[in-house]
$ cat my_file_30.cif   # mmCIF, C-alpha atoms
data_my_file
loop_
_atom_site.label_atom_id
_atom_site.label_comp_id
_atom_site.auth_asym_id
_atom_site.auth_seq_id
_atom_site.Cartn_x
_atom_site.Cartn_y
_atom_site.Cartn_z
CA MET A 8 72.22 2.01 17.84
CA THR A 9 71.12 -1.65 17.80
CA SER A 10 68.56 -3.16 15.46
CA SER A 11 66.43 -3.94 18.52
CA SER A 12 66.20 -0.24 19.39
CA LEU A 13 64.88 0.42 15.88
CA THR A 14 62.15 -2.22 16.11
CA HIS A 15 61.15 -1.86 19.78
CA PHE A 16 60.41 0.85 22.33
CA VAL A 17 60.20 0.67 26.12
CA GLN A 18 56.92 1.35 27.89
CA ALA A 19 56.04 0.79 31.54
CA CYS A 20 52.98 -1.34 32.29
CA PRO A 21 50.35 1.03 33.71
CA ILE A 22 49.38 -1.56 36.34
CA CYS A 23 52.51 -3.29 37.63
CA GLY A 24 55.09 -0.75 36.43
CA ARG A 25 57.33 -3.31 34.72
CA ARG A 26 59.38 -1.91 31.85
CA LEU A 27 58.31 -3.71 28.69
CA GLN A 28 60.01 -3.90 25.33
CA VAL A 29 57.18 -3.39 22.81
CA ARG A 30 57.52 -4.02 19.08
CA MET A 31 56.97 -0.90 16.97
CA SER A 32 54.44 -2.87 14.90
CA LEU A 33 52.17 -2.95 17.99
CA LEU A 34 52.14 0.85 18.41
CA GLY A 35 48.55 2.00 18.92
CA ARG A 36 47.28 -1.56 19.40
CA SER A 37 46.05 -3.32 22.51
CA VAL A 38 48.82 -5.34 24.17
CA ALA A 39 49.08 -7.40 27.36
CA CYS A 40 51.79 -7.31 30.01
CA PRO A 41 53.49 -10.73 30.30
CA HIS A 42 53.84 -10.25 34.07
CA CYS A 43 50.35 -9.18 35.21
CA GLN A 44 48.36 -9.70 31.97
CA ALA A 45 47.05 -6.11 32.12
CA GLU A 46 45.80 -4.92 28.75
CA PHE A 47 46.71 -1.43 27.57
CA THR A 48 47.38 0.49 24.36
CA ALA A 49 51.00 0.53 23.22
CA SER A 50 52.03 4.18 23.18
CA LEU A 51 55.22 6.21 22.95
CA GLU A 52 53.77 8.86 25.27
CA SER A 53 53.75 8.15 28.97
CA GLU A 54 50.44 8.53 30.74
CA PRO A 55 50.04 10.21 34.13
CA GLY A 56 49.87 7.93 37.15
CA ALA A 57 46.57 6.32 37.96
CA SER A 58 44.66 7.09 41.14
CA ALA A 59 44.04 4.43 43.79
CA ASN A 60 40.41 4.13 42.65
CA ASP A 61 41.54 3.61 39.04
CA LEU A 62 43.95 0.88 40.16
CA LEU A 63 41.27 -0.86 42.24
CA ALA A 64 38.82 -0.78 39.34
CA ARG A 65 41.54 -2.14 37.04
CA ALA A 66 42.35 -4.93 39.53
CA GLU A 67 38.68 -5.92 39.71
CA MET A 68 38.47 -6.01 35.92
CA LEU A 69 41.62 -8.15 35.67
CA LEU A 70 40.26 -10.59 38.23
CA ALA A 71 37.06 -10.90 36.21
CA GLN A 72 39.08 -11.51 33.03
CA ASN A 73 41.25 -14.10 34.76
CA ARG A 74 38.75 -16.79 33.81
CA GLN A 75 39.77 -16.35 30.16
CA ALA A 76 43.08 -17.60 28.76
CA PRO A 77 45.40 -14.75 27.67
CA SER A 78 46.12 -14.45 23.97
CA ASN A 79 49.84 -14.96 23.26
CA ASP A 80 49.76 -12.82 20.10
CA ARG A 81 49.25 -9.69 22.22
CA MET A 82 51.94 -10.40 24.81
CA VAL A 83 55.03 -8.19 24.82
CA ASP A 84 58.54 -8.97 26.02
CA ALA A 85 59.90 -7.72 29.34
CA ALA A 86 62.72 -5.24 28.85
CA PRO A 87 66.15 -6.33 30.12
#
$ encode --input "my_file_30.cif" --output "structure tokens"
Amino acid sequence: MTSSSLTHFVQACPICGRRLQVRMSLLGRSVACPHCQAEFTASLESEPGASANDLLARAEMLLAQNRQAPSNDRMVDAAP
């Protein structure tokens, strides 16, 4: 077992599906996907898939937030 596996866990972005390596210290906190900038709560439990309406609503919200610069302290690393 590597030290990285003790300090990180893998979670898929609920919007783009990318596998992200999330620091354990961010568990339960709001994080942002480095690929699509979607914000979600870091969680060890996987959530059920979103419906098309949920994804459209999320896309509209992300477009509205696009005017603001993303905060780098909430970005997570993409998993290898």
$ closest_residue --input "my_file_30.cif" --among "A:Leu63, A:Leu51, A:Ala45, A:Leu70" --to "Gln28 in chain A" --atoms "only C-alpha atoms"
A:Leu51
$ closest_residue --input "my_file_30.cif" --among "A:Ser37, A:Gln44, A:Ser32, A:Gln18" --to "Met68 in chain A" --atoms "all atoms listed in the file"
A:Gln44
$ atom_distance --input "my_file_30.cif" --atom1 "CA of Ala66 in chain A" --atom2 "CA of Glu52 in chain A"
22.9 Å
$ closest_residue --input "my_file_30.cif" --among "A:Ala64, A:Thr48, A:Leu27, A:Pro41" --to "His15 in chain A" --atoms "only C-alpha atoms"
A:Leu27
$ residues_around --input "my_file_30.cif" --residues "Ala49 in chain A" --least-positions-apart "2" --cutoff "12 Å" --atoms "all atoms listed in the file" --output "number ranges by chain"
A: 15-21, 27-40, 45-47, 51-54, 81-83
